[in-house]
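Okay, target-v7.cif now, which holds mmCIF, C-alpha atoms:
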```
data_protein
loop_
_atom_site.group_PDB
_atom_site.id
_atom_site.type_symbol
_atom_site.label_atom_id
_atom_site.label_comp_id
_atom_site.auth_asym_id
_atom_site.auth_seq_id
_atom_site.Cartn_x
_atom_site.Cartn_y
_atom_site.Cartn_z
ATOM 1 C CA MET A 1 121.796 -38.318 79.287
ATOM 2 C CA ASN A 2 121.488 -42.095 79.729
ATOM 3 C CA VAL A 3 118.500 -44.028 81.057
ATOM 4 C CA LEU A 4 119.712 -44.169 84.654
ATOM 5 C CA GLN A 5 120.459 -40.439 84.703
ATOM 6 C CA SER A 6 116.971 -39.716 83.366
ATOM 7 C CA LEU A 7 115.451 -41.979 85.999
ATOM 8 C CA ARG A 8 117.458 -40.258 88.732
ATOM 9 C CA ARG A 9 116.161 -36.857 87.606
ATOM 10 C CA TYR A 10 112.609 -38.238 87.528
ATOM 11 C CA MET A 11 113.012 -39.515 91.113
ATOM 12 C CA ASP A 12 114.301 -36.135 92.276
ATOM 13 C CA ASN A 13 111.197 -34.502 90.794
ATOM 14 C CA ASN A 14 108.846 -37.131 92.279
ATOM 15 C CA PRO A 15 110.007 -37.746 95.872
ATOM 16 C CA ASN A 16 106.918 -39.776 96.805
ATOM 17 C CA LEU A 17 107.760 -42.336 94.143
ATOM 18 C CA LYS A 18 111.473 -42.426 94.920
ATOM 19 C CA PRO A 19 111.467 -45.339 97.451
ATOM 20 C CA TYR A 20 109.587 -47.580 95.011
ATOM 21 C CA LEU A 21 111.807 -46.667 92.082
ATOM 22 C CA LEU A 22 114.913 -47.299 94.164
ATOM 23 C CA MET A 23 113.553 -50.714 95.062
ATOM 24 C CA TRP A 24 113.069 -51.465 91.369
ATOM 25 C CA LEU A 25 116.590 -50.238 90.583
ATOM 26 C CA ARG A 26 118.072 -52.525 93.214
ATOM 27 C CA LYS A 27 116.506 -55.519 91.488
ATOM 28 C CA THR A 28 117.490 -54.565 87.955
ATOM 29 C CA THR A 29 120.948 -52.969 88.184
ATOM 30 C CA LYS A 30 124.321 -53.924 89.593
ATOM 31 C CA THR A 31 124.388 -54.611 93.297
ATOM 32 C CA ILE A 32 125.351 -51.748 95.566
ATOM 33 C CA ASN A 33 128.719 -53.327 96.357
ATOM 34 C CA LYS A 34 129.841 -52.369 92.829
ATOM 35 C CA TRP A 35 129.128 -48.692 93.464
ATOM 36 C CA PRO A 36 131.921 -46.166 94.213
ATOM 37 C CA GLU A 37 132.228 -44.848 97.765
ATOM 38 C CA GLU A 38 130.746 -41.449 96.896
ATOM 39 C CA LYS A 39 127.557 -43.066 95.627
ATOM 40 C CA PHE A 40 127.522 -45.491 98.544
ATOM 41 C CA ILE A 41 127.670 -42.627 101.049
ATOM 42 C CA LYS A 42 124.879 -40.821 99.217
ATOM 43 C CA GLY A 43 122.726 -43.948 99.382
ATOM 44 C CA VAL A 44 123.375 -44.476 103.093
ATOM 45 C CA MET A 45 122.404 -40.903 103.883
ATOM 46 C CA GLU A 46 119.285 -40.962 101.678
ATOM 47 C CA CYS A 47 118.177 -44.217 103.277
ATOM 48 C CA TYR A 48 118.661 -42.723 106.740
ATOM 49 C CA GLU A 49 116.703 -39.581 105.906
ATOM 50 C CA ARG A 50 113.895 -41.643 104.382
ATOM 51 C CA HIS A 51 113.498 -43.715 107.560
ATOM 52 C CA MET A 52 114.282 -41.129 110.241
ATOM 53 C CA GLY A 53 112.939 -37.956 108.650
ATOM 54 C CA TYR A 54 116.087 -35.839 108.914
ATOM 55 C CA THR A 55 119.728 -35.792 107.845
ATOM 56 C CA PHE A 56 122.925 -35.026 109.809
ATOM 57 C CA ASP A 57 126.633 -34.252 109.441
ATOM 58 C CA LEU A 58 128.244 -37.613 108.681
ATOM 59 C CA GLN A 59 131.638 -36.396 109.874
ATOM 60 C CA ASN A 60 130.204 -35.309 113.241
ATOM 61 C CA PRO A 61 127.567 -37.884 114.242
ATOM 62 C CA VAL A 62 126.167 -37.642 117.754
ATOM 63 C CA LEU A 63 123.306 -40.090 118.247
ATOM 64 C CA PHE A 64 123.715 -43.862 118.266
ATOM 65 C CA ASN A 65 121.819 -44.295 114.990
ATOM 66 C CA GLU A 66 123.912 -41.568 113.358
ATOM 67 C CA LYS A 67 127.167 -43.187 114.447
ATOM 68 C CA LEU A 68 125.978 -46.520 113.046
ATOM 69 C CA GLN A 69 125.787 -44.874 109.599
ATOM 70 C CA TRP A 70 129.390 -43.674 109.949
ATOM 71 C CA TYR A 71 130.309 -47.185 111.136
ATOM 72 C CA LYS A 72 128.771 -48.773 108.030
ATOM 73 C CA ILE A 73 130.892 -46.634 105.745
ATOM 74 C CA TYR A 74 134.243 -46.212 107.460
ATOM 75 C CA TYR A 75 134.817 -49.090 109.883
ATOM 76 C CA LYS A 76 136.978 -51.709 108.132
ATOM 77 C CA ARG A 77 137.926 -55.275 109.078
ATOM 78 C CA ASP A 78 139.259 -58.171 107.037
ATOM 79 C CA ASP A 79 137.097 -60.721 108.861
ATOM 80 C CA PHE A 80 133.649 -59.178 108.313
ATOM 81 C CA ALA A 81 132.380 -62.131 106.254
ATOM 82 C CA ASN A 82 133.344 -64.613 108.987
ATOM 83 C CA ILE A 83 131.320 -62.622 111.518
ATOM 84 C CA THR A 84 128.241 -61.615 109.518
ATOM 85 C CA ASP A 85 127.647 -64.735 107.393
ATOM 86 C CA LYS A 86 125.460 -67.087 109.478
ATOM 87 C CA VAL A 87 127.313 -70.144 108.160
ATOM 88 C CA LEU A 88 130.870 -68.831 108.565
ATOM 89 C CA PHE A 89 129.934 -67.356 111.964
ATOM 90 C CA LYS A 90 129.745 -70.846 113.458
ATOM 91 C CA ASP A 91 133.402 -71.504 112.609
ATOM 92 C CA TYR A 92 134.357 -68.040 113.887
ATOM 93 C CA ILE A 93 132.834 -68.807 117.314
ATOM 94 C CA LYS A 94 134.314 -72.310 117.341
ATOM 95 C CA GLU A 95 137.776 -70.790 116.893
ATOM 96 C CA ARG A 96 137.143 -68.288 119.698
ATOM 97 C CA LEU A 97 135.390 -70.514 122.249
ATOM 98 C CA GLY A 98 135.505 -74.144 121.105
ATOM 99 C CA GLU A 99 132.676 -76.553 120.313
ATOM 100 C CA GLY A 100 129.060 -76.240 121.392
ATOM 101 C CA TYR A 101 128.508 -72.471 121.493
ATOM 102 C CA THR A 102 126.333 -72.131 118.388
ATOM 103 C CA VAL A 103 123.073 -73.806 117.373
ATOM 104 C CA PRO A 104 123.943 -77.159 115.715
ATOM 105 C CA MET A 105 123.807 -76.989 111.924
ATOM 106 C CA PHE A 106 122.826 -79.964 109.763
ATOM 107 C CA GLY A 107 124.153 -78.510 106.528
ATOM 108 C CA SER A 108 124.229 -75.562 104.143
ATOM 109 C CA TRP A 109 123.420 -75.333 100.422
ATOM 110 C CA LYS A 110 124.103 -72.862 97.625
ATOM 111 C CA THR A 111 121.260 -74.157 95.450
ATOM 112 C CA VAL A 112 117.745 -75.363 96.176
ATOM 113 C CA SER A 113 118.390 -78.499 94.110
ATOM 114 C CA GLU A 114 121.245 -79.471 96.426
ATOM 115 C CA LEU A 115 118.985 -79.001 99.448
ATOM 116 C CA GLN A 116 116.280 -81.134 97.848
ATOM 117 C CA ARG A 117 118.842 -83.836 97.114
ATOM 118 C CA ASP A 118 119.792 -83.964 100.822
ATOM 119 C CA TRP A 119 116.241 -83.554 102.171
ATOM 120 C CA ASP A 120 115.843 -87.174 103.271
ATOM 121 C CA SER A 121 119.042 -87.022 105.342
ATOM 122 C CA LEU A 122 117.710 -84.185 107.516
ATOM 123 C CA PRO A 123 115.864 -84.836 110.806
ATOM 124 C CA ASP A 124 112.072 -84.644 110.857
ATOM 125 C CA ARG A 125 112.071 -81.221 112.552
ATOM 126 C CA PHE A 126 114.523 -78.372 111.896
ATOM 127 C CA VAL A 127 114.786 -74.704 110.903
ATOM 128 C CA LEU A 128 115.796 -73.351 107.498
ATOM 129 C CA LYS A 129 117.429 -69.916 107.277
ATOM 130 C CA SER A 130 119.113 -67.593 104.836
ATOM 131 C CA ASN A 131 122.723 -66.886 105.758
ATOM 132 C CA LEU A 132 122.511 -63.306 104.453
ATOM 133 C CA GLN A 133 119.126 -61.949 105.446
ATOM 134 C CA ALA A 134 118.094 -60.324 108.687
ATOM 135 C CA ASN A 135 114.322 -60.678 108.941
ATOM 136 C CA SER A 136 111.860 -63.376 109.897
ATOM 137 C CA SER A 137 110.683 -63.821 106.286
ATOM 138 C CA ALA A 138 113.969 -65.662 105.653
ATOM 139 C CA VAL A 139 113.305 -68.253 108.375
ATOM 140 C CA MET A 140 111.212 -71.364 107.816
ATOM 141 C CA ILE A 141 110.334 -73.757 110.652
ATOM 142 C CA ILE A 142 109.894 -77.317 109.419
ATOM 143 C CA GLN A 143 107.793 -79.132 112.006
ATOM 144 C CA ASP A 144 107.672 -82.413 110.066
ATOM 145 C CA LYS A 145 109.578 -82.731 106.810
ATOM 146 C CA ASN A 146 107.473 -85.731 105.793
ATOM 147 C CA LEU A 147 104.427 -83.454 105.561
ATOM 148 C CA VAL A 148 106.204 -80.843 103.444
ATOM 149 C CA ASP A 149 105.516 -80.617 99.729
ATOM 150 C CA PHE A 150 108.928 -79.414 98.573
ATOM 151 C CA ARG A 151 107.471 -78.000 95.364
ATOM 152 C CA LYS A 152 105.435 -75.524 97.441
ATOM 153 C CA ILE A 153 108.444 -74.118 99.307
ATOM 154 C CA ARG A 154 110.889 -74.213 96.402
ATOM 155 C CA LYS A 155 110.015 -70.735 95.076
ATOM 156 C CA LYS A 156 110.463 -69.078 98.462
ATOM 157 C CA LEU A 157 113.761 -70.841 99.093
ATOM 158 C CA LYS A 158 115.020 -69.760 95.675
ATOM 159 C CA SER A 159 114.203 -66.147 96.539
ATOM 160 C CA TRP A 160 116.586 -66.378 99.509
ATOM 161 C CA LEU A 161 119.463 -67.077 97.127
ATOM 162 C CA LYS A 162 118.895 -64.117 94.810
ATOM 163 C CA PRO A 163 121.546 -61.487 95.635
ATOM 164 C CA TRP A 164 119.109 -58.562 95.378
ATOM 165 C CA ASN A 165 116.978 -60.104 98.138
ATOM 166 C CA THR A 166 119.930 -60.384 100.520
ATOM 167 C CA LEU A 167 122.254 -58.090 102.418
ATOM 168 C CA LEU A 168 124.656 -58.405 99.486
ATOM 169 C CA ASN A 169 122.533 -55.623 98.016
ATOM 170 C CA SER A 170 122.226 -53.412 101.067
ATOM 171 C CA TRP A 171 123.816 -50.243 102.364
ATOM 172 C CA ASP A 172 126.227 -52.335 104.423
ATOM 173 C CA TYR A 173 129.370 -53.645 102.710
ATOM 174 C CA ARG A 174 130.167 -56.014 105.597
ATOM 175 C CA PHE A 175 128.188 -58.720 103.795
ATOM 176 C CA TYR A 176 129.662 -58.237 100.322
ATOM 177 C CA ASN A 177 132.266 -61.040 100.441
ATOM 178 C CA SER A 178 129.735 -63.756 101.243
ATOM 179 C CA THR A 179 127.776 -66.131 99.024
ATOM 180 C CA PRO A 180 124.017 -66.672 99.509
ATOM 181 C CA GLN A 181 123.258 -70.010 101.129
ATOM 182 C CA ILE A 182 120.435 -71.838 102.884
ATOM 183 C CA LEU A 183 121.305 -73.480 106.194
ATOM 184 C CA ALA A 184 119.443 -75.998 108.311
ATOM 185 C CA GLU A 185 119.695 -75.749 112.097
ATOM 186 C CA GLU A 186 118.366 -77.697 115.041
ATOM 187 C CA PHE A 187 114.860 -76.634 116.117
ATOM 188 C CA MET A 188 114.930 -75.118 119.601
ATOM 189 C CA LYS A 189 112.379 -73.889 122.099
ATOM 190 C CA ASP A 190 113.072 -72.521 125.586
ATOM 191 C CA GLU A 191 111.107 -72.620 128.847
ATOM 192 C CA SER A 192 108.892 -69.732 127.710
ATOM 193 C CA GLY A 193 107.465 -71.866 124.897
ATOM 194 C CA GLU A 194 109.301 -69.803 122.269
ATOM 195 C CA LEU A 195 112.968 -68.998 121.674
ATOM 196 C CA ARG A 196 113.766 -65.658 123.232
ATOM 197 C CA ASP A 197 116.718 -63.551 122.089
ATOM 198 C CA TYR A 198 119.133 -61.970 124.573
ATOM 199 C CA LYS A 199 120.807 -59.047 122.791
ATOM 200 C CA PHE A 200 123.781 -57.332 124.455
ATOM 201 C CA PHE A 201 124.855 -53.818 123.427
ATOM 202 C CA CYS A 202 128.650 -53.877 123.694
ATOM 203 C CA PHE A 203 131.180 -51.062 123.417
ATOM 204 C CA ASP A 204 134.718 -52.494 123.368
ATOM 205 C CA GLY A 205 134.174 -54.703 126.416
ATOM 206 C CA ASN A 206 131.696 -52.384 128.126
ATOM 207 C CA VAL A 207 128.172 -53.867 128.231
ATOM 208 C CA PRO A 208 125.807 -51.310 129.771
ATOM 209 C CA TYR A 209 122.518 -52.695 128.407
ATOM 210 C CA PHE A 210 120.870 -55.729 126.946
ATOM 211 C CA ARG A 211 117.385 -56.466 125.745
ATOM 212 C CA VAL A 212 115.199 -59.553 125.651
ATOM 213 C CA ASP A 213 113.124 -60.090 122.504
ATOM 214 C CA TYR A 214 109.948 -62.141 122.772
ATOM 215 C CA GLY A 215 106.509 -62.727 121.287
ATOM 216 C CA ARG A 216 107.692 -62.915 117.683
ATOM 217 C CA SER A 217 104.958 -65.294 116.579
ATOM 218 C CA ASN A 218 102.445 -62.498 117.137
ATOM 219 C CA GLN A 219 103.951 -59.074 117.823
ATOM 220 C CA HIS A 220 107.665 -58.469 118.305
ATOM 221 C CA HIS A 221 108.298 -57.119 121.824
ATOM 222 C CA ALA A 222 111.455 -56.273 123.759
ATOM 223 C CA THR A 223 112.334 -55.433 127.351
ATOM 224 C CA PHE A 224 115.585 -53.607 128.169
ATOM 225 C CA PHE A 225 117.819 -54.316 131.173
ATOM 226 C CA ASN A 226 120.866 -52.548 132.590
ATOM 227 C CA SER A 227 124.178 -54.109 133.639
ATOM 228 C CA LYS A 228 122.728 -54.832 137.096
ATOM 229 C CA PHE A 229 120.084 -56.997 135.406
ATOM 230 C CA GLU A 230 117.374 -54.513 136.384
ATOM 231 C CA GLU A 231 114.441 -53.960 134.054
ATOM 232 C CA MET A 232 114.400 -50.510 132.427
ATOM 233 C CA ASP A 233 111.452 -48.291 131.613
ATOM 234 C CA ILE A 234 112.235 -48.059 127.898
ATOM 235 C CA SER A 235 109.832 -48.884 125.108
ATOM 236 C CA VAL A 236 110.714 -48.717 121.418
ATOM 237 C CA PRO A 237 107.920 -48.366 118.824
ATOM 238 C CA ASP A 238 109.619 -50.922 116.550
ATOM 239 C CA PHE A 239 109.317 -53.595 119.277
ATOM 240 C CA PRO A 240 107.273 -52.180 122.182
ATOM 241 C CA LYS A 241 107.622 -53.404 125.732
ATOM 242 C CA GLU A 242 104.559 -55.197 127.087
ATOM 243 C CA ARG A 243 103.729 -53.460 130.348
ATOM 244 C CA ASP A 244 101.988 -56.442 131.923
ATOM 245 C CA VAL A 245 104.719 -58.974 131.043
ATOM 246 C CA ARG A 246 107.524 -59.629 133.528
ATOM 247 C CA ILE A 247 110.591 -61.239 131.998
ATOM 248 C CA SER A 248 112.321 -63.938 134.038
ATOM 249 C CA LEU A 249 115.990 -64.035 133.138
ATOM 250 C CA PRO A 250 117.610 -67.466 132.704
ATOM 251 C CA GLU A 251 120.179 -68.750 135.192
ATOM 252 C CA ASN A 252 122.955 -68.432 132.630
ATOM 253 C CA ILE A 253 122.335 -64.715 131.982
ATOM 254 C CA ARG A 254 125.535 -63.795 133.847
ATOM 255 C CA GLU A 255 127.517 -66.222 131.729
ATOM 256 C CA MET A 256 126.074 -64.516 128.634
ATOM 257 C CA TYR A 257 127.033 -61.136 130.060
ATOM 258 C CA SER A 258 130.590 -62.277 130.789
ATOM 259 C CA LEU A 259 131.015 -63.721 127.293
ATOM 260 C CA ALA A 260 129.608 -60.570 125.724
ATOM 261 C CA LYS A 261 132.194 -58.494 127.595
ATOM 262 C CA SER A 262 135.128 -60.649 126.509
ATOM 263 C CA LEU A 263 134.015 -61.259 122.910
ATOM 264 C CA SER A 264 133.281 -57.570 122.264
ATOM 265 C CA LYS A 265 136.761 -56.337 123.158
ATOM 266 C CA GLY A 266 138.319 -54.659 120.143
ATOM 267 C CA PHE A 267 134.981 -53.684 118.594
ATOM 268 C CA PRO A 268 133.968 -50.017 119.045
ATOM 269 C CA PHE A 269 130.409 -51.370 118.961
ATOM 270 C CA ILE A 270 128.926 -54.802 118.435
ATOM 271 C CA ARG A 271 125.602 -56.325 119.483
ATOM 272 C CA ILE A 272 126.039 -59.923 120.604
ATOM 273 C CA ASP A 273 122.944 -62.126 120.615
ATOM 274 C CA PHE A 274 122.298 -65.317 122.557
ATOM 275 C CA PHE A 275 119.676 -68.023 122.962
ATOM 276 C CA SER A 276 119.201 -70.054 126.139
ATOM 277 C CA CYS A 277 117.766 -73.548 125.834
ATOM 278 C CA ASN A 278 117.736 -76.400 128.365
ATOM 279 C CA GLY A 279 120.221 -74.597 130.567
ATOM 280 C CA ARG A 280 122.732 -74.037 127.762
ATOM 281 C CA LEU A 281 123.573 -70.796 126.004
ATOM 282 C CA TYR A 282 124.115 -70.451 122.283
ATOM 283 C CA LEU A 283 125.570 -67.523 120.390
ATOM 284 C CA SER A 284 123.092 -66.505 117.732
ATOM 285 C CA GLU A 285 124.885 -63.696 115.872
ATOM 286 C CA PHE A 286 127.038 -60.576 116.015
ATOM 287 C CA THR A 287 125.430 -57.436 114.609
ATOM 288 C CA PHE A 288 127.313 -54.281 113.633
ATOM 289 C CA ALA A 289 124.296 -52.149 112.682
ATOM 290 C CA PRO A 290 121.164 -53.268 114.571
ATOM 291 C CA GLY A 291 118.033 -52.453 112.630
ATOM 292 C CA GLY A 292 120.193 -50.878 109.946
ATOM 293 C CA GLY A 293 120.717 -47.939 112.300
ATOM 294 C CA VAL A 294 117.162 -46.693 111.794
ATOM 295 C CA THR A 295 115.497 -47.982 114.957
ATOM 296 C CA HIS A 296 113.283 -45.349 116.625
ATOM 297 C CA TYR A 297 114.815 -45.314 120.099
ATOM 298 C CA PRO A 298 113.640 -42.718 122.628
ATOM 299 C CA ASP A 299 115.726 -39.565 122.136
ATOM 300 C CA HIS A 300 117.482 -39.751 125.503
ATOM 301 C CA PHE A 301 118.422 -43.394 124.991
ATOM 302 C CA ASN A 302 119.637 -42.765 121.431
ATOM 303 C CA LYS A 303 121.886 -40.018 122.851
ATOM 304 C CA GLU A 304 123.068 -42.149 125.767
ATOM 305 C CA LEU A 305 124.068 -45.017 123.485
ATOM 306 C CA GLY A 306 125.746 -42.514 121.167
ATOM 307 C CA ASP A 307 127.838 -41.134 124.033
ATOM 308 C CA LEU A 308 129.086 -44.663 124.787
ATOM 309 C CA PHE A 309 129.952 -45.327 121.130
ATOM 310 C CA LEU A 310 133.530 -44.086 120.619
ATOM 311 C CA LEU A 311 134.211 -44.167 116.918
ATOM 312 C CA PRO A 312 137.715 -45.150 115.794
ATOM 313 C CA VAL A 313 139.983 -42.655 114.068
ATOM 314 C CA GLN A 314 139.180 -42.699 110.366
ATOM 315 C CA CYS A 315 142.081 -44.018 108.284
#
```

Let me see the structure of the file written as structure tokens.
Amino acid sequence: MNVLQSLRRYMDNNPNLKPYLLMWLRKTTKTINKWPEEKFIKGVMECYERHMGYTFDLQNPVLFNEKLQWYKIYYKRDDFANITDKVLFKDYIKERLGEGYTVPMFGSWKTVSELQRDWDSLPDRFVLKSNLQANSSAVMIIQDKNLVDFRKIRKKLKSWLKPWNTLLNSWDYRFYNSTPQILAEEFMKDESGELRDYKFFCFDGNVPYFRVDYGRSNQHHATFFNSKFEEMDISVPDFPKERDVRISLPENIREMYSLAKSLSKGFPFIRIDFFSCNGRLYLSEFTFAPGGGVTHYPDHFNKELGDLFLLPVQC
């Protein structure tokens, strides 16, 4: 029995320690994209059970979150990297729609030293992001670059480029053909004083719902709307709806909706995200597995989304 086999047995005998040991393994062994499919499936299902508290029949998923796990494993496309990589995504949208539909980018870098070399050429205010991470810890708002001590941010920026800190080492192979980079984008703020996200849930051209994300500087909140642009009485523990906040939709919300319908055709499911700033819309990202498929939706809504999600025939 080798070391990894011994560790696996130890984890099975100590389930409370298992999440922490798995985290350590991810940082010290080969990335998940080197694992065979059987092990990949096992990892996806263990991750789901750890977050949701139950398991299910992968070959007969019912709920939206369950179908997203199937989708991670079996849905194949040759252009995943172009869609999921935040740098390549800009060219993907340019090819589909033309210029001006994504947030302007000032550059991208594969090393922190290259970014430091080009620091003086950047505007005074901008946003730094990881191209392969999906949380706010991989976003850095630079309000005035002249006040930034680069030595103090260097360590954090370097962490964004380590494969085990990115979606290269996740239970989602759609990111595996990308290379970690740091990108710099134009700083934006909308009429609300922040930059709200408009996230459309799309099922092969059918867009029954969207949500508006807000309040991220304090507590992440979201309000859901239906296709008639009517606010829905749905609150999700991961990003609860604020009962006393009324969301005013931007004038270009129907343009977003129309684009979401056309761009989502051919995808069994895709979430298409927009920003709206100074009367213009910008495509933020396409997401195949929102929240990794472990968001705690209300049961009825999880089932309703699942009913709309028609999985393709497995090849």

Run the PyMOL selection byres ((chain A and resi 119-136) around 9) against the file shown and list the residues it catches, as a PyMOL selection string.
chain A and resi 84-88+106-108+114-118+137-146+157+160-161+165-168+175+178-188+216+291

Selected residue of minimal separation from A:Trp70 among A:Phe224, A:Tyr54, A:Tyr48, A:Tyr214, counting all atoms listed in the file
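Comparing A:Phe224, A:Tyr54, A:Tyr48, A:Tyr214 against A:Trp70, the winner is A:Tyr48.
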
I'd like the neighbourhood of A:Glu255 as a PDB file with C-alpha atoms, keeping the file's coordinate frame, where a residue qualifies if any of its atoms comes within 12 Å (using all atoms listed in the file), though same-chain residues fewer than 6 positions away should be ignored.
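Result went into out.pdb, see below:
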```pdb
ATOM      1  CA  TYR A 198     119.133 -61.970 124.573  1.00  0.00           C
ATOM      2  CA  LEU A 249     115.990 -64.035 133.138  1.00  0.00           C
ATOM      3  CA  LYS A 261     132.194 -58.494 127.595  1.00  0.00           C
ATOM      4  CA  SER A 262     135.128 -60.649 126.509  1.00  0.00           C
ATOM      5  CA  PHE A 274     122.298 -65.317 122.557  1.00  0.00           C
ATOM      6  CA  PHE A 275     119.676 -68.023 122.962  1.00  0.00           C
ATOM      7  CA  SER A 276     119.201 -70.054 126.139  1.00  0.00           C
ATOM      8  CA  GLY A 279     120.221 -74.597 130.567  1.00  0.00           C
ATOM      9  CA  ARG A 280     122.732 -74.037 127.762  1.00  0.00           C
ATOM     10  CA  LEU A 281     123.573 -70.796 126.004  1.00  0.00           C
ATOM     11  CA  TYR A 282     124.115 -70.451 122.283  1.00  0.00           C
ATOM     12  CA  LEU A 283     125.570 -67.523 120.390  1.00  0.00           C
TER      13      LEU A 283
END
```

What is the atom CA of A:Asp273 to atom CA of A:Ser258 distance in Å?
12.7 Å

Apply the PyMOL selection byres ((chain A and resi 311) around 8) to the displayed file and report the matching residues as a CSV table (one decimal) with C-alpha atoms, in the coordinates of the input.
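Saved to part-v4.csv:
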```csv
chain,number,residue,atom,x,y,z
A,67,LYS,CA,127.2,-43.2,114.4
A,71,TYR,CA,130.3,-47.2,111.1
A,268,PRO,CA,134.0,-50.0,119.0
A,309,PHE,CA,130.0,-45.3,121.1
A,310,LEU,CA,133.5,-44.1,120.6
A,312,PRO,CA,137.7,-45.2,115.8
A,313,VAL,CA,140.0,-42.7,114.1
```

Proximity of stretch 136-233 of chain A to stretch 33-42 of chain A: per-residue shortest pair, 7 Å limit, only C-alpha atoms, as JSON lines:
```
{"residue": "A:Asn169", "atom": "CA", "partner": "A:Asn33", "partner_atom": "CA", "distance": 6.8}
{"residue": "A:Tyr173", "atom": "CA", "partner": "A:Asn33", "partner_atom": "CA", "distance": 6.4}
{"residue": "A:Tyr176", "atom": "CA", "partner": "A:Asn33", "partner_atom": "CA", "distance": 6.4}
```

Quick one: pull the distance between atom CA of A:Thr111 and atom CA of A:Lys94, Å, one decimal.
25.6 Å

List the residues matched by the PyMOL selection byres ((chain A and resi 234) around 8) in the displayed structure as a ChimeraX atom specification, ordered by chain and then by residue number.
/A:223-224,232-233,235-236,241,298

Centre and size of axis-aligned box enclosing stretch 52-60 of chain A plus 5 Å each side, as JSON:
```
{"center_x": 122.3, "center_y": -37.7, "center_z": 110.5, "size_x": 28.7, "size_y": 16.9, "size_z": 15.4}
```

Can you tell me, as a ChimeraX atom specification, which residues sit within 12 Å of (131.9, -51.1, 124.1) in the file's frame, using all atoms listed in the file?
/A:200-209,260-272,288,305-312

Kindly indicate which residue among A:Tyr297, A:Trp164, A:Phe150, A:Phe229 lies nearest to A:Arg254, using only C-alpha atoms for the distances.
A:Phe229

note - atom CA of A:Glu191 and atom CA of A:Cys277 are separated by 7.4 Å

Between A:Leu259, A:Asp190, A:Asp197, A:Asp238, which has the minimum distance to A:Leu97 (counting only C-alpha atoms)?
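Smallest separation from A:Leu97 among the options: A:Leu259.
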
As a PDB file, keeping the file's coordinate frame, the rebuilt stretch 116-128 of chain A with N, CA and C atoms:
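Dumped everything to selection.pdb:
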```
ATOM      1  N   GLN A 116     117.272 -80.095  98.132  1.00  0.00           N
ATOM      2  CA  GLN A 116     116.280 -81.134  97.848  1.00  0.00           C
ATOM      3  C   GLN A 116     116.923 -82.506  97.779  1.00  0.00           C
ATOM      4  N   ARG A 117     118.115 -82.566  97.204  1.00  0.00           N
ATOM      5  CA  ARG A 117     118.842 -83.836  97.114  1.00  0.00           C
ATOM      6  C   ARG A 117     119.129 -84.408  98.498  1.00  0.00           C
ATOM      7  N   ASP A 118     119.420 -83.516  99.477  1.00  0.00           N
ATOM      8  CA  ASP A 118     119.792 -83.964 100.822  1.00  0.00           C
ATOM      9  C   ASP A 118     118.613 -83.980 101.793  1.00  0.00           C
ATOM     10  N   TRP A 119     117.422 -83.692 101.310  1.00  0.00           N
ATOM     11  CA  TRP A 119     116.241 -83.554 102.171  1.00  0.00           C
ATOM     12  C   TRP A 119     116.013 -84.766 103.063  1.00  0.00           C
ATOM     13  N   ASP A 120     116.130 -85.959 102.504  1.00  0.00           N
ATOM     14  CA  ASP A 120     115.843 -87.174 103.271  1.00  0.00           C
ATOM     15  C   ASP A 120     116.842 -87.410 104.402  1.00  0.00           C
ATOM     16  N   SER A 121     118.019 -86.813 104.306  1.00  0.00           N
ATOM     17  CA  SER A 121     119.042 -87.022 105.342  1.00  0.00           C
ATOM     18  C   SER A 121     118.849 -86.095 106.542  1.00  0.00           C
ATOM     19  N   LEU A 122     117.953 -85.120 106.416  1.00  0.00           N
ATOM     20  CA  LEU A 122     117.710 -84.185 107.516  1.00  0.00           C
ATOM     21  C   LEU A 122     116.764 -84.801 108.541  1.00  0.00           C
ATOM     22  N   PRO A 123     116.808 -84.335 109.798  1.00  0.00           N
ATOM     23  CA  PRO A 123     115.864 -84.836 110.806  1.00  0.00           C
ATOM     24  C   PRO A 123     114.443 -84.414 110.459  1.00  0.00           C
ATOM     25  N   ASP A 124     113.468 -84.964 111.161  1.00  0.00           N
ATOM     26  CA  ASP A 124     112.072 -84.644 110.857  1.00  0.00           C
ATOM     27  C   ASP A 124     111.750 -83.175 111.134  1.00  0.00           C
ATOM     28  N   ARG A 125     112.363 -82.604 112.178  1.00  0.00           N
ATOM     29  CA  ARG A 125     112.071 -81.221 112.552  1.00  0.00           C
ATOM     30  C   ARG A 125     113.360 -80.407 112.577  1.00  0.00           C
ATOM     31  N   PHE A 126     113.339 -79.231 111.951  1.00  0.00           N
ATOM     32  CA  PHE A 126     114.523 -78.372 111.896  1.00  0.00           C
ATOM     33  C   PHE A 126     114.094 -76.981 111.434  1.00  0.00           C
ATOM     34  N   VAL A 127     115.050 -76.086 111.331  1.00  0.00           N
ATOM     35  CA  VAL A 127     114.786 -74.704 110.903  1.00  0.00           C
ATOM     36  C   VAL A 127     115.662 -74.382 109.698  1.00  0.00           C
ATOM     37  N   LEU A 128     115.054 -73.827 108.654  1.00  0.00           N
ATOM     38  CA  LEU A 128     115.796 -73.351 107.498  1.00  0.00           C
ATOM     39  C   LEU A 128     115.963 -71.839 107.601  1.00  0.00           C
TER      40      LEU A 128
END
```
